[in-house]
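Asker: I am sharing query_25.cif, which consists of mmCIF, C-alpha atoms and all ligand atoms:
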```
data_query
#
loop_
_atom_site.label_atom_id
_atom_site.label_comp_id
_atom_site.auth_asym_id
_atom_site.auth_seq_id
_atom_site.Cartn_x
_atom_site.Cartn_y
_atom_site.Cartn_z
CA MET S 1 85.30 119.80 121.18
CA THR S 2 84.77 116.64 123.19
CA HIS S 3 83.40 116.15 126.69
CA VAL S 4 84.52 112.53 126.80
CA PHE S 5 87.43 112.15 129.21
CA HIS S 6 89.50 110.19 126.70
CA ARG S 7 92.59 108.28 127.78
CA GLN S 8 94.70 110.50 125.56
CA LEU S 9 93.71 114.09 125.88
CA ASN S 10 95.93 115.56 123.21
CA THR S 11 95.04 113.47 120.21
CA THR S 12 91.90 113.47 118.10
CA LEU S 13 90.58 109.99 117.49
CA PRO S 14 88.73 108.97 114.34
CA ARG S 15 85.04 108.39 115.02
CA ALA S 16 83.91 104.79 114.42
CA VAL S 17 80.52 104.82 112.68
CA SER S 18 80.12 101.26 111.47
CA ALA S 19 81.77 97.89 111.98
CA ARG S 20 81.28 94.70 109.95
CA GLY S 21 83.33 91.53 109.78
CA ILE S 22 86.94 92.39 110.44
CA SER S 23 86.66 96.09 109.52
CA ILE S 24 85.71 99.30 111.29
CA THR S 25 84.79 102.41 109.27
CA ASP S 26 85.19 105.97 110.50
CA ALA S 27 83.11 109.10 109.89
CA ASP S 28 85.27 110.03 106.88
CA GLY S 29 84.50 106.71 105.23
CA LYS S 30 87.97 105.30 105.88
CA SER S 31 88.07 101.59 106.68
CA TYR S 32 90.47 99.92 109.12
CA LEU S 33 91.32 96.21 109.16
CA ASP S 34 90.94 95.09 112.77
CA ALA S 35 94.09 93.00 113.08
CA SER S 36 94.14 93.23 116.87
CA GLY S 37 90.47 92.54 117.61
CA GLY S 38 90.61 95.90 119.42
CA ALA S 39 92.69 94.54 122.29
CA ALA S 40 92.28 90.80 121.53
CA VAL S 41 88.54 91.10 122.06
CA SER S 42 86.60 90.81 118.78
CA CYS S 43 87.03 87.09 118.18
CA LEU S 44 84.05 86.82 115.81
CA GLY S 45 84.60 90.17 114.15
CA HIS S 46 81.90 92.81 114.19
CA ALA S 47 78.12 92.60 113.75
CA HIS S 48 77.88 88.80 113.86
CA PRO S 49 74.17 88.11 113.22
CA ASP S 50 73.87 85.20 115.69
CA VAL S 51 75.25 87.25 118.56
CA LEU S 52 73.08 90.26 117.74
CA ALA S 53 69.98 88.04 117.56
CA ALA S 54 70.76 86.40 120.92
CA MET S 55 71.18 89.81 122.55
CA HIS S 56 67.91 91.13 121.10
CA GLU S 57 66.05 88.07 122.27
CA GLN S 58 67.46 88.40 125.80
CA ILE S 59 66.65 92.12 125.99
CA ASP S 60 63.02 91.28 125.22
CA ARG S 61 62.98 88.55 127.87
CA VAL S 62 64.91 89.93 130.89
CA ALA S 63 67.30 92.83 130.32
CA TYR S 64 68.45 93.05 133.94
CA ALA S 65 67.84 91.25 137.23
CA HIS S 66 70.09 91.89 140.22
CA THR S 67 71.97 88.75 141.24
CA SER S 68 71.17 89.14 144.93
CA PHE S 69 67.50 88.60 144.01
CA PHE S 70 67.52 86.29 141.00
CA THR S 71 69.48 83.99 138.79
CA THR S 72 68.55 83.77 135.09
CA ASP S 73 68.32 80.95 132.57
CA VAL S 74 70.96 82.56 130.43
CA ALA S 75 73.53 82.93 133.24
CA GLU S 76 72.92 79.29 134.25
CA GLU S 77 73.29 78.12 130.64
CA LEU S 78 76.47 80.10 130.07
CA ALA S 79 78.04 78.80 133.30
CA ALA S 80 77.09 75.21 132.38
CA ASP S 81 78.55 75.69 128.91
CA LEU S 82 81.82 77.12 130.25
CA ILE S 83 82.19 74.41 132.88
CA GLU S 84 81.47 71.63 130.36
CA HIS S 85 84.48 72.83 128.36
CA ALA S 86 86.68 73.97 131.25
CA PRO S 87 89.86 72.28 132.53
CA ALA S 88 89.34 69.28 134.83
CA GLY S 89 87.78 69.92 138.22
CA MET S 90 86.39 73.38 137.46
CA SER S 91 82.83 73.50 138.74
CA HIS S 92 81.60 77.10 138.76
CA ALA S 93 81.87 80.38 136.87
CA TYR S 94 81.73 83.67 138.77
CA PHE S 95 80.64 86.37 136.32
CA VAL S 96 81.94 89.93 136.21
CA SER S 97 82.07 92.71 133.62
CA GLY S 98 85.66 92.51 132.37
CA GLY S 99 89.23 91.41 132.86
CA SER S 100 90.32 93.62 135.74
CA GLU S 101 87.18 92.74 137.68
CA ALA S 102 87.89 89.05 137.03
CA VAL S 103 91.40 89.41 138.45
CA GLU S 104 90.15 91.36 141.49
CA ALA S 105 87.58 88.66 142.15
CA ALA S 106 90.16 85.89 141.77
CA LEU S 107 92.54 87.58 144.23
CA LYS S 108 89.78 87.95 146.82
CA MET S 109 88.46 84.45 146.18
CA ALA S 110 91.95 83.06 146.75
CA ARG S 111 92.39 84.96 150.02
CA GLN S 112 88.90 84.10 151.29
CA TYR S 113 89.51 80.43 150.50
CA PHE S 114 92.35 80.40 153.01
CA VAL S 115 90.27 82.34 155.52
CA GLU S 116 87.56 79.68 155.14
CA ILE S 117 90.04 76.89 155.94
CA GLY S 118 91.60 78.78 158.83
CA GLN S 119 94.94 79.64 157.19
CA LEU S 120 94.68 83.33 157.97
CA GLN S 121 98.44 83.77 157.88
CA ARG S 122 98.45 83.45 154.07
CA ARG S 123 98.64 86.97 152.74
CA HIS S 124 101.25 87.14 149.95
CA PHE S 125 100.74 87.03 146.23
CA ILE S 126 103.62 86.23 143.90
CA ALA S 127 103.41 87.34 140.28
CA ARG S 128 105.80 88.13 137.43
CA ARG S 129 107.57 91.28 136.33
CA GLN S 130 106.62 91.09 132.68
CA SER S 131 102.86 90.98 133.12
CA TYR S 132 99.61 92.86 132.93
CA HIS S 133 96.56 91.86 134.94
CA GLY S 134 94.38 94.97 134.72
CA ASN S 135 94.17 98.56 135.88
CA THR S 136 92.22 98.34 139.14
CA LEU S 137 94.36 98.58 142.26
CA GLY S 138 94.55 94.87 143.11
CA ALA S 139 95.14 93.85 139.51
CA LEU S 140 97.71 96.61 139.06
CA ALA S 141 99.51 95.41 142.19
CA VAL S 142 99.97 91.89 140.86
CA GLY S 143 100.87 93.26 137.42
CA GLY S 144 104.52 93.81 136.66
CA ASN S 145 104.46 96.67 134.21
CA GLN S 146 106.50 99.43 135.89
CA TRP S 147 105.19 102.17 133.64
CA ARG S 148 101.57 101.42 134.51
CA ARG S 149 102.33 100.97 138.22
CA ALA S 150 104.79 103.77 138.94
CA GLN S 151 102.58 106.70 139.94
CA PHE S 152 100.12 104.50 141.85
CA ALA S 153 102.81 102.52 143.68
CA PRO S 154 102.00 104.05 147.12
CA LEU S 155 98.44 102.73 146.80
CA LEU S 156 99.32 99.16 145.82
CA MET S 157 99.47 96.12 148.10
CA ALA S 158 102.91 94.55 148.36
CA VAL S 159 103.37 91.76 145.82
CA THR S 160 106.58 89.85 145.15
CA HIS S 161 107.46 89.72 141.47
CA VAL S 162 109.66 87.04 139.92
CA SER S 163 111.20 86.78 136.46
CA PRO S 164 108.96 86.43 133.45
CA CYS S 165 109.34 83.55 131.02
CA TYR S 166 110.89 85.57 128.19
CA GLU S 167 112.84 83.11 126.12
CA TYR S 168 114.00 85.54 123.43
CA ARG S 169 115.73 87.78 125.97
CA ASP S 170 116.49 85.63 128.99
CA ARG S 171 117.32 82.07 127.95
CA GLN S 172 121.06 81.77 128.25
CA PRO S 173 123.41 80.44 125.57
CA GLY S 174 123.75 76.68 125.93
CA GLU S 175 120.60 76.44 128.05
CA THR S 176 117.76 74.31 126.63
CA PRO S 177 114.20 75.69 126.87
CA GLU S 178 113.48 73.02 129.47
CA GLN S 179 116.52 74.00 131.54
CA TYR S 180 115.50 77.64 131.30
CA GLY S 181 112.00 76.77 132.52
CA ALA S 182 113.46 74.74 135.39
CA ARG S 183 115.68 77.70 136.34
CA LEU S 184 112.61 79.94 136.55
CA VAL S 185 110.81 77.39 138.73
CA GLN S 186 113.88 77.29 141.00
CA GLU S 187 113.78 81.06 141.31
CA LEU S 188 110.13 80.89 142.31
CA ALA S 189 110.93 78.15 144.83
CA GLY S 190 113.54 80.42 146.40
CA VAL S 191 111.08 83.30 146.70
CA ILE S 192 108.46 81.02 148.28
CA GLU S 193 111.04 79.84 150.81
CA THR S 194 112.07 83.41 151.65
CA LEU S 195 108.48 84.56 152.15
CA GLY S 196 107.60 81.38 154.06
CA ALA S 197 105.61 78.82 152.08
CA ASP S 198 102.65 78.91 154.45
CA SER S 199 102.29 82.68 154.05
CA VAL S 200 101.72 82.60 150.28
CA ILE S 201 98.19 82.72 148.87
CA ALA S 202 98.80 82.27 145.16
CA PHE S 203 101.07 82.57 142.19
CA VAL S 204 99.43 84.65 139.47
CA ALA S 205 100.50 84.49 135.83
CA GLU S 206 99.23 84.99 132.31
CA THR S 207 99.43 81.65 130.51
CA VAL S 208 100.64 83.50 127.41
CA VAL S 209 101.71 87.08 128.16
CA GLY S 210 99.82 89.68 126.15
CA ALA S 211 99.79 93.38 126.80
CA THR S 212 103.27 93.96 128.21
CA ALA S 213 105.50 92.00 125.90
CA GLY S 214 103.47 90.62 123.06
CA ALA S 215 102.57 86.93 122.90
CA LEU S 216 105.27 85.51 125.18
CA THR S 217 104.66 81.77 125.28
CA PRO S 218 105.88 79.65 128.20
CA VAL S 219 108.75 77.27 127.50
CA PRO S 220 107.87 73.54 127.69
CA GLY S 221 107.41 72.27 131.22
CA TYR S 222 107.69 75.68 132.92
CA LEU S 223 104.05 75.98 133.98
CA ARG S 224 103.93 72.30 134.90
CA GLY S 225 106.91 72.92 137.18
CA VAL S 226 105.10 75.91 138.68
CA ARG S 227 101.99 73.78 139.22
CA GLU S 228 103.98 71.09 141.06
CA LEU S 229 105.69 73.68 143.22
CA CYS S 230 102.38 75.30 144.16
CA ASP S 231 100.90 71.88 145.00
CA ARG S 232 103.86 71.04 147.20
CA HIS S 233 103.19 74.13 149.33
CA GLY S 234 99.40 74.34 149.19
CA ILE S 235 99.67 77.56 147.16
CA LEU S 236 96.95 78.33 144.62
CA LEU S 237 97.76 78.77 140.94
CA VAL S 238 95.78 81.58 139.31
CA LEU S 239 96.12 81.67 135.53
CA ASP S 240 95.03 84.89 133.88
CA GLU S 241 93.65 84.06 130.45
CA VAL S 242 91.79 87.33 129.98
CA MET S 243 93.72 87.94 126.77
CA SER S 244 95.12 84.56 125.79
CA GLY S 245 92.04 82.48 126.55
CA MET S 246 88.71 81.63 124.92
CA GLY S 247 90.19 80.20 121.75
CA ARG S 248 92.76 82.85 120.91
CA THR S 249 95.73 80.41 120.94
CA GLY S 250 93.91 77.61 119.12
CA THR S 251 92.52 75.72 122.11
CA LEU S 252 89.65 77.08 124.17
CA HIS S 253 92.02 77.66 127.09
CA ALA S 254 95.71 78.37 126.57
CA CYS S 255 96.63 76.21 129.60
CA GLU S 256 95.37 73.10 127.77
CA GLN S 257 98.51 73.25 125.64
CA GLU S 258 100.64 73.33 128.79
CA HIS S 259 98.79 70.36 130.33
CA VAL S 260 98.27 72.44 133.43
CA VAL S 261 95.06 72.93 135.37
CA PRO S 262 94.85 76.08 137.50
CA ASP S 263 92.87 76.50 140.73
CA LEU S 264 91.32 79.72 139.47
CA MET S 265 91.28 81.03 135.93
CA THR S 266 90.26 84.47 134.75
CA ILE S 267 88.66 84.96 131.33
CA ALA S 268 87.13 88.02 129.63
CA LYS S 269 87.75 89.80 126.28
CA GLY S 270 86.98 87.00 123.78
CA LEU S 271 84.34 85.57 126.14
CA GLY S 272 81.84 88.18 124.98
CA GLY S 273 83.73 89.00 121.79
CA GLY S 274 83.24 92.72 122.44
CA TYR S 275 79.47 92.51 122.03
CA GLN S 276 79.00 93.03 125.76
CA PRO S 277 81.35 93.66 128.68
CA ILE S 278 81.75 90.31 130.43
CA GLY S 279 84.42 88.33 132.23
CA ALA S 280 84.49 85.40 134.62
CA VAL S 281 86.53 83.51 137.18
CA LEU S 282 86.38 79.76 136.67
CA ALA S 283 86.92 77.99 139.97
CA GLN S 284 87.83 74.49 141.05
CA GLY S 285 85.02 72.58 142.75
CA ARG S 286 87.14 72.08 145.86
CA ILE S 287 87.34 75.84 146.34
CA VAL S 288 83.64 76.46 145.76
CA ASP S 289 82.72 73.57 148.08
CA THR S 290 84.88 75.11 150.78
CA PHE S 291 82.94 78.36 150.52
CA ALA S 292 79.63 76.49 150.49
CA ARG S 293 80.47 74.41 153.56
CA GLY S 294 82.03 77.40 155.34
CA SER S 295 80.62 80.90 155.41
CA GLY S 296 78.32 80.23 152.45
CA LEU S 297 79.10 83.64 151.04
CA PHE S 298 81.78 84.99 148.71
CA GLN S 299 82.19 88.43 150.18
CA HIS S 300 82.49 90.30 146.91
CA GLY S 301 80.27 91.50 144.10
CA HIS S 302 79.30 94.25 141.69
CA THR S 303 75.97 95.55 140.46
CA TYR S 304 76.31 94.16 136.94
CA ILE S 305 77.64 90.67 137.61
CA GLY S 306 75.88 88.00 135.59
CA HIS S 307 74.21 90.62 133.40
CA PRO S 308 71.67 88.69 131.29
CA VAL S 309 72.39 90.46 127.99
CA ALA S 310 76.14 90.02 128.49
CA CYS S 311 75.60 86.34 129.28
CA ALA S 312 73.44 85.96 126.16
CA ALA S 313 76.15 87.49 124.00
CA ALA S 314 78.86 85.28 125.51
CA LEU S 315 76.75 82.15 125.13
CA ALA S 316 76.09 82.96 121.47
CA VAL S 317 79.82 83.54 120.91
CA GLN S 318 80.64 80.12 122.39
CA ARG S 319 78.03 78.40 120.23
CA VAL S 320 79.26 80.05 117.04
CA ILE S 321 82.87 79.09 117.84
CA ARG S 322 81.84 75.44 118.17
CA ARG S 323 79.32 75.34 115.30
CA ASP S 324 81.72 76.95 112.85
CA GLY S 325 84.81 75.01 113.95
CA LEU S 326 86.62 78.23 114.80
CA LEU S 327 89.24 76.70 117.12
CA ALA S 328 90.55 74.73 114.14
CA ALA S 329 90.35 77.94 112.10
CA VAL S 330 92.50 79.72 114.70
CA ARG S 331 95.14 76.98 114.44
CA ARG S 332 95.04 76.99 110.63
CA GLN S 333 95.01 80.76 110.19
CA GLY S 334 97.58 81.09 112.97
CA GLN S 335 99.99 79.06 110.85
CA ALA S 336 99.07 81.14 107.82
CA LEU S 337 99.83 84.29 109.81
CA THR S 338 103.16 82.91 111.07
CA SER S 339 104.31 82.05 107.57
CA ARG S 340 103.37 85.51 106.28
CA LEU S 341 105.16 87.20 109.19
CA GLN S 342 108.22 85.01 108.60
CA ALA S 343 108.21 85.76 104.88
CA THR S 344 107.94 89.51 105.42
CA PHE S 345 109.90 90.07 108.64
CA GLY S 346 112.08 86.93 108.97
CA ASP S 347 115.14 88.74 107.57
CA HIS S 348 114.13 92.24 108.58
CA PRO S 349 117.13 93.99 110.19
CA HIS S 350 114.94 95.44 112.96
CA VAL S 351 112.67 92.51 113.77
CA GLY S 352 114.36 90.42 116.44
CA ASP S 353 111.63 87.92 117.20
CA ILE S 354 108.40 86.61 115.71
CA ARG S 355 106.43 84.62 118.27
CA GLY S 356 103.07 83.54 119.57
CA ARG S 357 100.45 80.88 119.22
CA GLY S 358 97.27 80.63 117.15
CA LEU S 359 95.93 84.06 116.27
CA PHE S 360 97.94 85.66 119.08
CA GLN S 361 101.28 86.66 117.62
CA ALA S 362 103.78 89.45 117.89
CA ILE S 363 106.94 90.87 116.44
CA GLU S 364 109.62 92.43 118.64
CA LEU S 365 111.52 95.36 117.17
CA VAL S 366 115.20 95.93 117.94
CA ARG S 367 117.80 98.42 116.83
CA ASP S 368 120.33 95.62 116.36
CA ARG S 369 119.33 92.03 115.71
CA ALA S 370 122.75 90.66 116.63
CA ASP S 371 122.79 91.89 120.22
CA LYS S 372 119.01 92.51 120.58
CA THR S 373 119.57 96.15 121.54
CA PRO S 374 116.20 97.85 121.77
CA PHE S 375 115.39 101.24 120.27
CA ASP S 376 115.70 104.32 122.50
CA ALA S 377 112.65 105.00 124.63
CA GLY S 378 112.58 108.58 123.37
CA LEU S 379 111.80 107.36 119.86
CA LYS S 380 108.42 106.05 121.05
CA LEU S 381 108.58 103.57 118.19
CA HIS S 382 105.48 101.70 119.30
CA ALA S 383 103.41 104.90 119.17
CA ARG S 384 104.80 105.77 115.74
CA ILE S 385 103.91 102.32 114.45
CA LYS S 386 100.36 102.69 115.74
CA ARG S 387 99.98 106.07 114.00
CA GLN S 388 101.44 104.75 110.77
CA ALA S 389 99.26 101.64 110.90
CA MET S 390 96.11 103.71 111.35
CA GLN S 391 97.16 105.80 108.36
CA CYS S 392 97.50 102.54 106.38
CA GLY S 393 94.01 101.47 107.54
CA LEU S 394 95.24 98.88 110.02
CA MET S 395 94.52 98.31 113.70
CA VAL S 396 97.37 96.61 115.57
CA TYR S 397 98.37 96.63 119.25
CA PRO S 398 101.89 98.02 119.61
CA MET S 399 103.43 98.43 123.03
CA GLY S 400 106.70 99.58 124.46
CA GLY S 401 108.30 100.44 127.72
CA THR S 402 111.11 99.73 130.08
CA ILE S 403 110.82 96.27 131.47
CA ASP S 404 113.42 94.84 133.83
CA GLY S 405 115.60 97.73 132.73
CA GLN S 406 115.25 96.65 129.12
CA ARG S 407 113.47 98.59 126.44
CA GLY S 408 111.15 96.68 124.22
CA ASP S 409 108.90 97.56 121.32
CA HIS S 410 106.42 94.94 120.25
CA VAL S 411 103.46 94.78 117.92
CA LEU S 412 100.73 92.35 118.91
CA LEU S 413 98.38 90.88 116.32
CA ALA S 414 95.12 89.26 117.40
CA PRO S 415 92.76 89.23 114.42
CA PRO S 416 89.24 87.78 114.61
CA PHE S 417 88.97 83.99 114.23
CA ILE S 418 87.12 84.48 110.93
CA VAL S 419 90.08 86.18 109.24
CA THR S 420 90.66 84.96 105.66
CA ASP S 421 93.92 84.35 103.79
CA GLY S 422 93.34 87.48 101.72
CA GLU S 423 92.81 89.55 104.86
CA LEU S 424 96.00 88.12 106.39
CA ASP S 425 97.88 89.16 103.23
CA ALA S 426 96.52 92.69 103.59
CA ILE S 427 97.28 92.82 107.34
CA VAL S 428 100.93 91.82 106.95
CA GLU S 429 101.43 94.04 103.89
CA ARG S 430 100.03 97.07 105.76
CA LEU S 431 102.04 96.21 108.87
CA ALA S 432 105.23 96.15 106.79
CA ARG S 433 104.37 99.59 105.44
CA ALA S 434 103.61 100.88 108.94
CA VAL S 435 106.90 99.57 110.35
CA ALA S 436 108.84 101.03 107.41
CA GLY S 437 107.11 104.39 107.89
CA ALA S 438 107.82 104.42 111.62
CA LEU S 439 111.51 103.50 111.52
N1 LIG S 501 94.41 90.49 132.39
C1 LIG S 501 95.05 90.43 131.20
C2 LIG S 501 95.96 89.29 130.92
C3 LIG S 501 94.85 91.43 130.25
O1 LIG S 501 95.50 91.38 129.09
C4 LIG S 501 93.95 92.48 130.56
C5 LIG S 501 93.71 93.56 129.59
O2 LIG S 501 94.43 93.75 128.64
C6 LIG S 501 93.30 92.49 131.80
C7 LIG S 501 93.56 91.47 132.70
C8 LIG S 501 92.36 93.59 132.16
O3 LIG S 501 91.18 93.43 131.43
P1 LIG S 501 90.18 94.66 131.25
O4 LIG S 501 90.88 95.66 130.40
O5 LIG S 501 88.98 94.02 130.58
O6 LIG S 501 89.84 95.17 132.60
#
```
Output the structure of this file as structure tokens.

Answerer:
Amino acid sequence: MTHVFHRQLNTTLPRAVSARGISITDADGKSYLDASGGAAVSCLGHAHPDVLAAMHEQIDRVAYAHTSFFTTDVAEELAADLIEHAPAGMSHAYFVSGGSEAVEAALKMARQYFVEIGQLQRRHFIARRQSYHGNTLGALAVGGNQWRRAQFAPLLMAVTHVSPCYEYRDRQPGETPEQYGARLVQELAGVIETLGADSVIAFVAETVVGATAGALTPVPGYLRGVRELCDRHGILLVLDEVMSGMGRTGTLHACEQEHVVPDLMTIAKGLGGGYQPIGAVLAQGRIVDTFARGSGLFQHGHTYIGHPVACAAALAVQRVIRRDGLLAAVRRQGQALTSRLQATFGDHPHVGDIRGRGLFQAIELVRDRADKTPFDAGLKLHARIKRQAMQCGLMVYPMGGTIDGQRGDHVLLAPPFIVTDGELDAIVERLARAVAGAL
């Protein structure tokens, strides 16, 4: 009997009793390799001594101080650290407790920015169909996952959704990746024109798509084209790196690899590595200055923003990543993961695509590789793979659903940055068994 209102009320979950390195052990003594970092969270694995020590030290110093009364050394240090390594022009970090809160804050920051400069007519957000930005109402509204949105649709603000950048499914024969990217930018330009360019607040996108389609990387030049288009119309670019950021793709921020600098960027998950709930919005100096010179107040906030223990955990995570050269490890082990996935699934009759960047990779499952026909929704293949994987002692992040009228089943892998070659062997071997068991 449980009194926890679990997400799934008709399944019994194993009880996690200890977690070390890249493994979690349940009450029956069974161990699970954490090949998804939970949901792309545990970048340093579990029980990292440096992070635990930093949290203990902070608890002894100041465990909590409300941000309307005080700032703290640790919040100031974390913000300075993030800004030192942020894309050009970013000047401030607004702290929150997770990804959805970061997206909510970014949406309101973007709207208030235009209120501050007197452009009150800007009220539209444009986002993409194949996207996930969180489960709170604002974040759900910009998100493009129909399954997650459907029953709450009457409560959601109107957002215009454009095509995702989904090369495997949508790039046409004879079209180069660059031409495909340019076509998507053209589509966005058309939508901006229809809405009226001066009525649009921001375009919101995940730099690399995570939770709806599994590690969809942008084609070359696409996000640069989007950036230019936004600049032309004074529209803000909000990049959501809650899942793909903080080192997961091999650079601290995924947008670095696109040579694109957003106006606002959301981060969470890997920021605190799962040791504490923390997220942030990184903001361009021009935007923060506008607030400072204008009303002097961002009209938003939650009780736990800038929580000192969460900031201490996140700061320790950043220091370990740098000290231990973990961004290079992500690039190296990312290649090692790709080659193992290629070796195991490259010729698999039901694996249509292997994709991703760094330690953020996915396979897409199809009934027929030749025409990319997905499996029937009724099969719930993604759920079967998850069950099979757990039986094999493996945590992965499978997802499925109807997207743009197309079914898709994907399995996302996001192992901790400390994953070894031997652990990658075990992950891919167990994944192959799970897929075989589920099909
Ligand atoms: N944005 C992206 C890109 C995400 O992947 C997620 C979660 O998966 C969120 C926002 C929401 O984050 P959280 O679950 O921490 O609220």

Asker: Hey, which bits of stretch 289-311 of chain S sit within 10 Å of stretch 82-101 of chain S, and for each residue what's the closest pair of atoms and how far apart in Å (one decimal), counting all atoms listed in the file, rows by chain and increasing number, as JSON lines?

Answerer:
```
{"residue": "S:Asp289", "atom": "CA", "partner": "S:Ser91", "partner_atom": "CA", "distance": 9.3}
{"residue": "S:Gly301", "atom": "CA", "partner": "S:Val96", "partner_atom": "CA", "distance": 8.2}
{"residue": "S:His302", "atom": "CA", "partner": "S:Val96", "partner_atom": "CA", "distance": 7.5}
{"residue": "S:Thr303", "atom": "CA", "partner": "S:Val96", "partner_atom": "CA", "distance": 9.2}
{"residue": "S:Tyr304", "atom": "CA", "partner": "S:Ser97", "partner_atom": "CA", "distance": 6.8}
{"residue": "S:Ile305", "atom": "CA", "partner": "S:Val96", "partner_atom": "CA", "distance": 4.6}
{"residue": "S:Gly306", "atom": "CA", "partner": "S:Phe95", "partner_atom": "CA", "distance": 5.1}
{"residue": "S:His307", "atom": "CA", "partner": "S:Ser97", "partner_atom": "CA", "distance": 8.1}
{"residue": "S:Ala310", "atom": "CA", "partner": "S:Ser97", "partner_atom": "CA", "distance": 8.3}
{"residue": "S:Cys311", "atom": "CA", "partner": "S:Phe95", "partner_atom": "CA", "distance": 8.7}
```

Asker: Mind checking which residues fall within 8 Å of S:Met265, counting only C-alpha atoms, ignoring those fewer than 3 positions away in the same chain, and posting them as number ranges by chain?

Answerer: S: 106, 238-241, 262, 281-283

Asker: Tell me which of S:Gly118, S:Gly294, S:Gly270, S:Gly408 sits closest to S:Ser36, counting all atoms listed in the file.

Answerer: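 Under the stated criterion, the closest residue is S:Gly270.
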
Asker: Taking 4 positions as the minimum chain separation for residues in the same chain, which residues sit within 7 Å of S:Arg149 when counting only C-alpha atoms? Answer as a list in words.

Answerer: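 Here the qualifying residues turn out to be Leu140, Asn145 and Ala153 of chain S.
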
Asker: Figure out the distance between atom CA of S:Arg369 and atom CA of S:Ala343, please, to one decimal in Å.

Answerer: 16.7 Å

Asker: I need the residue nearest S:Tyr113 from this list: S:Ala438, S:Ala370, S:Val142, S:Leu236. Use only C-alpha atoms for the distance.

Answerer: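 For S:Tyr113, the nearest of the given residues is S:Leu236.
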
Asker: Check the smallest atom-to-atom distance from each of S:Thr176, S:Thr2, S:Gln112, S:Thr266 to ligand LIG 501 (chain S) using all atoms listed in the file, then report the winner.

Answerer: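 Comparing S:Thr176, S:Thr2, S:Gln112, S:Thr266 against ligand LIG 501 (chain S), the winner is S:Thr266.
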
Asker: Please find the residues contacting ligand LIG 501 (chain S) at a distance of at most 7 Å between atoms, with all atoms listed in the file counted, and report them as a PyMOL selection string.

Answerer: chain S and resi 39+98-101+103+132-135+206+209-211+240-243+268-269

Asker: Save the residues we just selected, C-alpha atoms, as a CSV table (one decimal), in the coordinates of the input?

Answerer:
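Resulting contents of out-v7.csv:
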```csv
chain,number,residue,atom,x,y,z
S,39,ALA,CA,92.7,94.5,122.3
S,98,GLY,CA,85.7,92.5,132.4
S,99,GLY,CA,89.2,91.4,132.9
S,100,SER,CA,90.3,93.6,135.7
S,101,GLU,CA,87.2,92.7,137.7
S,103,VAL,CA,91.4,89.4,138.4
S,132,TYR,CA,99.6,92.9,132.9
S,133,HIS,CA,96.6,91.9,134.9
S,134,GLY,CA,94.4,95.0,134.7
S,135,ASN,CA,94.2,98.6,135.9
S,206,GLU,CA,99.2,85.0,132.3
S,209,VAL,CA,101.7,87.1,128.2
S,210,GLY,CA,99.8,89.7,126.2
S,211,ALA,CA,99.8,93.4,126.8
S,240,ASP,CA,95.0,84.9,133.9
S,241,GLU,CA,93.6,84.1,130.4
S,242,VAL,CA,91.8,87.3,130.0
S,243,MET,CA,93.7,87.9,126.8
S,268,ALA,CA,87.1,88.0,129.6
S,269,LYS,CA,87.8,89.8,126.3
```

Asker: Rank nothing, just name the residue among S:Tyr32, S:Phe152, S:Tyr275, S:Phe375 nearest to S:Val51, using only C-alpha atoms.

Answerer: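 Among the listed residues, S:Tyr275 lies closest to S:Val51.
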
Asker: Between S:Met109, S:Ala280, S:Leu155, S:Leu379, which has the minimum distance to S:Gly400 (counting all atoms listed in the file)?

Answerer: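 Among S:Met109, S:Ala280, S:Leu155, S:Leu379, it is S:Leu379 that comes nearest to S:Gly400.
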
Asker: Please identify all polymer residues within 10 Å of stretch 383-399 of chain S, counting all atoms listed in the file, omitting same-chain residues fewer than 2 positions from it, and present them as a ChimeraX atom specification.

Answerer: /S:14,23-25,30-40,210-214,362-364,379-381,401,408-415,426-439
